[in-house]
Every structure is written in structure tokens, then in C-alpha cells.
Amino acid sequence: MLSQRNPDTAYRRVDFDARVAGASPAELVKMCYEQLISALGRALIAQDRGDNRLKSEALTRAVSALNALQMGVSGEGAMADALHQIYVSARRSVLDSVLQFDADTIARIRTDFIEIAAALG
């Protein structure tokens with residue numbers, strides 16, 4: 001399976017898989033934020049370059065990260081509700097950009113998650 005990918009992609013995948021295997025729950029959340037922020041950045045770059053394939057891949061990756069974050073919300077209460085609402089809203093906006101790309105919204109979501117990730121430490 002790895003032989004069908006370019007070496008750089010295969011290396012990143014192996015590195016990511018190794019990080020996931022040894023990660024604590026908090027580290028997994030941080031990794032999801034990293035993946036989301038990176039994917040949204042790639043989508044913005046792809047839009048500027050007119051690369052629809054890369055933009056589609058990046059938006060798909062962003063949705064996957066948001067799904068993982070949403071599924072990982074545990075507990076109940078105000079914090080869990082707030083996180084759930086943030087993830088659902090971001091996911092909806094990213095999905096909307098699949099059909100009608102909105103660079104300003106994607107950039108704003110990316111900035112929001114950069115700030116959240118920084119607050120998490």
C-alpha cells in the first residue's frame with residue numbers, strides 16, 4: 001500500500017501513525033488541532049493556486065479532524081456543550097466551502113483553532 005504513494009507522503013503517514021499509537025488523550029486532541037490547522041492552511045494555499053485537487057484533499061482532511069474532535073468530546077456540561085457547538089459549526093462551514101469556497105471563513109476558522117490550540121498549551 002505504501003508503495004503506491006510518494007516517499008514523502010508515506011513517511012508522513014508512518015510518522016503520524018507512530019505518534020497516534022503512543023499518544024495520550026490530550027496529545028491526540030493536540031494532534032487533531034495540528035491536522036485541522038494544517039489542512040485549512042493547505043486549502044487556502046490550494047485556492048490561491050487554483051489547485052482543486054489539493055483543496056478538496058485538504059478540506060476532506062479538515063472535516064476528518066473535526067469529526068475526530070467532535071467524537072472525542074467527553075462528559076457533559078458547559079465545556080462539552082461549547083466544544084461540541086464549535087466543532088459542529090466549524091464542520092458545517094468547512095463543508096459549505098466544498099461547494100462554494102469562502103477563503104475568509106476558512107481563514108477565520110483556522111485562526112480560531114490556532115488560538116484554541118495555543119490556549120491548550
# chains A, B, ... in the order shown; residues from 1 in each chain; ligands from 1
call {"tool": "residues_around", "arguments": {"residues": "Phe113 of chain A", "least_positions_apart": "2", "cutoff": "12 Å", "atoms": "only C-alpha atoms", "output": "PDB file with C-alpha atoms, in the first residue's frame"}}
result
ATOM      1  CA  VAL A  29      -6.529  16.304  20.774  1.00  0.00           C
ATOM      2  CA  LYS A  30      -3.440  18.406  20.109  1.00  0.00           C
ATOM      3  CA  CYS A  32      -6.188  16.783  15.727  1.00  0.00           C
ATOM      4  CA  TYR A  33      -5.807  20.530  16.138  1.00  0.00           C
ATOM      5  CA  GLU A  34      -2.465  20.401  14.289  1.00  0.00           C
ATOM      6  CA  GLN A  35      -4.020  18.393  11.466  1.00  0.00           C
ATOM      7  CA  LEU A  36      -7.006  20.738  11.253  1.00  0.00           C
ATOM      8  CA  ILE A  37      -4.911  23.911  11.237  1.00  0.00           C
ATOM      9  CA  SER A  38      -2.541  22.464   8.648  1.00  0.00           C
ATOM     10  CA  ALA A  39      -5.366  21.236   6.411  1.00  0.00           C
ATOM     11  CA  LEU A  40      -7.144  24.589   6.477  1.00  0.00           C
ATOM     12  CA  GLY A  41      -3.883  26.311   5.586  1.00  0.00           C
ATOM     13  CA  ALA A  62     -10.103  19.169   7.898  1.00  0.00           C
ATOM     14  CA  ALA A  65     -10.046  16.190  12.074  1.00  0.00           C
ATOM     15  CA  LEU A  66     -13.233  17.969  13.134  1.00  0.00           C
ATOM     16  CA  LEU A  69     -12.503  16.148  17.744  1.00  0.00           C
ATOM     17  CA  LEU A  83     -16.754  22.311  22.289  1.00  0.00           C
ATOM     18  CA  ILE A  86     -17.629  24.886  17.991  1.00  0.00           C
ATOM     19  CA  TYR A  87     -16.803  21.637  16.197  1.00  0.00           C
ATOM     20  CA  ALA A  90     -16.688  24.665  12.017  1.00  0.00           C
ATOM     21  CA  ILE A 106     -11.735  29.218   6.319  1.00  0.00           C
ATOM     22  CA  ALA A 107      -9.045  31.686   7.435  1.00  0.00           C
ATOM     23  CA  ARG A 108     -11.173  32.743  10.417  1.00  0.00           C
ATOM     24  CA  ILE A 109     -11.792  29.143  11.465  1.00  0.00           C
ATOM     25  CA  ARG A 110      -8.070  28.444  11.153  1.00  0.00           C
ATOM     26  CA  THR A 111      -7.231  31.458  13.317  1.00  0.00           C
ATOM     27  CA  GLU A 115      -5.863  30.372  19.320  1.00  0.00           C
ATOM     28  CA  ILE A 116      -7.603  27.410  20.972  1.00  0.00           C
ATOM     29  CA  ALA A 117      -4.545  25.190  20.413  1.00  0.00           C
ATOM     30  CA  ALA A 118      -2.272  27.861  21.909  1.00  0.00           C
ATOM     31  CA  ALA A 119      -4.533  28.095  24.963  1.00  0.00           C
ATOM     32  CA  LEU A 120      -4.313  24.329  25.435  1.00  0.00           C
TER      33      LEU A 120
END
call {"tool": "closest_residue", "arguments": {"among": "A:Ile45, A:Ile114, A:Gly121, A:Val88", "to": "Ala58 of chain A", "atoms": "only C-alpha atoms"}}
result
A:Ile45
call {"tool": "select_by_dssp", "arguments": {"residues": "segment 4-109 of chain A", "states": "alpha helix (DSSP H)", "output": "VMD selection string"}}
result
chain A and resid 7 to 21 25 to 49 52 to 71 78 to 99 103 to 109
call {"tool": "atom_distance", "arguments": {"atom1": "atom CA of Val73 of chain A", "atom2": "atom CA of Leu59 of chain A"}}
result
21.4 Å
call {"tool": "closest_residue", "arguments": {"among": "A:Leu95, A:Ala82, A:Phe101, A:Asp112", "to": "Gln70 of chain A", "atoms": "only C-alpha atoms"}}
result
A:Ala82
call {"tool": "decode", "arguments": {"residues": "segment 19-95 of chain A", "atoms": "C-alpha atoms", "output": "compact mmCIF listing (two decimals), in the first residue's frame"}}
result
# COMPACT_ATOMS: atom_id res chain seq x y z
CA ARG A 19 2.62 9.49 17.10
CA VAL A 20 -1.02 8.34 17.39
CA ALA A 21 -0.07 4.93 18.75
CA GLY A 22 1.91 6.42 21.63
CA ALA A 23 -0.28 9.43 22.39
CA SER A 24 -2.28 10.26 25.47
CA PRO A 25 -5.84 11.59 25.04
CA ALA A 26 -4.58 15.18 25.45
CA GLU A 27 -1.88 14.57 22.85
CA LEU A 28 -4.45 13.14 20.44
CA VAL A 29 -6.53 16.30 20.77
CA LYS A 30 -3.44 18.41 20.11
CA MET A 31 -2.65 16.30 17.03
CA CYS A 32 -6.19 16.78 15.73
CA TYR A 33 -5.81 20.53 16.14
CA GLU A 34 -2.47 20.40 14.29
CA GLN A 35 -4.02 18.39 11.47
CA LEU A 36 -7.01 20.74 11.25
CA ILE A 37 -4.91 23.91 11.24
CA SER A 38 -2.54 22.46 8.65
CA ALA A 39 -5.37 21.24 6.41
CA LEU A 40 -7.14 24.59 6.48
CA GLY A 41 -3.88 26.31 5.59
CA ARG A 42 -3.36 23.92 2.67
CA ALA A 43 -6.90 24.60 1.46
CA LEU A 44 -6.23 28.34 1.43
CA ILE A 45 -2.97 27.87 -0.47
CA ALA A 46 -4.64 25.48 -2.92
CA GLN A 47 -7.40 28.01 -3.57
CA ASP A 48 -4.82 30.71 -4.31
CA ARG A 49 -3.04 28.35 -6.73
CA GLY A 50 -6.24 27.12 -8.35
CA ASP A 51 -5.43 23.54 -7.32
CA ASN A 52 -8.85 21.99 -6.82
CA ARG A 53 -7.49 18.50 -6.11
CA LEU A 54 -5.30 19.72 -3.25
CA LYS A 55 -8.10 21.94 -1.96
CA SER A 56 -10.51 19.00 -1.92
CA GLU A 57 -7.98 16.77 -0.14
CA ALA A 58 -7.28 19.48 2.42
CA LEU A 59 -10.95 20.14 3.14
CA THR A 60 -11.56 16.40 3.49
CA ARG A 61 -8.68 16.20 5.98
CA ALA A 62 -10.10 19.17 7.90
CA VAL A 63 -13.53 17.53 8.13
CA SER A 64 -11.90 14.30 9.35
CA ALA A 65 -10.05 16.19 12.07
CA LEU A 66 -13.23 17.97 13.13
CA ASN A 67 -15.12 14.66 13.21
CA ALA A 68 -12.43 13.14 15.43
CA LEU A 69 -12.50 16.15 17.74
CA GLN A 70 -16.29 16.04 17.94
CA MET A 71 -16.35 12.31 18.68
CA GLY A 72 -13.72 12.82 21.37
CA VAL A 73 -15.74 15.26 23.43
CA SER A 74 -16.44 13.51 26.70
CA GLY A 75 -18.57 14.37 29.62
CA GLU A 76 -21.42 16.76 29.91
CA GLY A 77 -21.80 20.34 30.94
CA ALA A 78 -21.00 23.78 29.62
CA MET A 79 -17.49 22.97 28.36
CA ALA A 80 -18.55 19.83 26.50
CA ASP A 81 -21.52 21.68 25.01
CA ALA A 82 -19.33 24.59 23.92
CA LEU A 83 -16.75 22.31 22.29
CA HIS A 84 -19.47 20.34 20.54
CA GLN A 85 -21.01 23.57 19.20
CA ILE A 86 -17.63 24.89 17.99
CA TYR A 87 -16.80 21.64 16.20
CA VAL A 88 -20.25 21.31 14.58
CA SER A 89 -20.22 24.93 13.41
CA ALA A 90 -16.69 24.67 12.02
CA ARG A 91 -17.52 21.39 10.27
CA ARG A 92 -20.62 22.92 8.67
CA SER A 93 -18.60 25.90 7.42
CA VAL A 94 -15.84 23.70 6.02
CA LEU A 95 -18.41 21.52 4.25
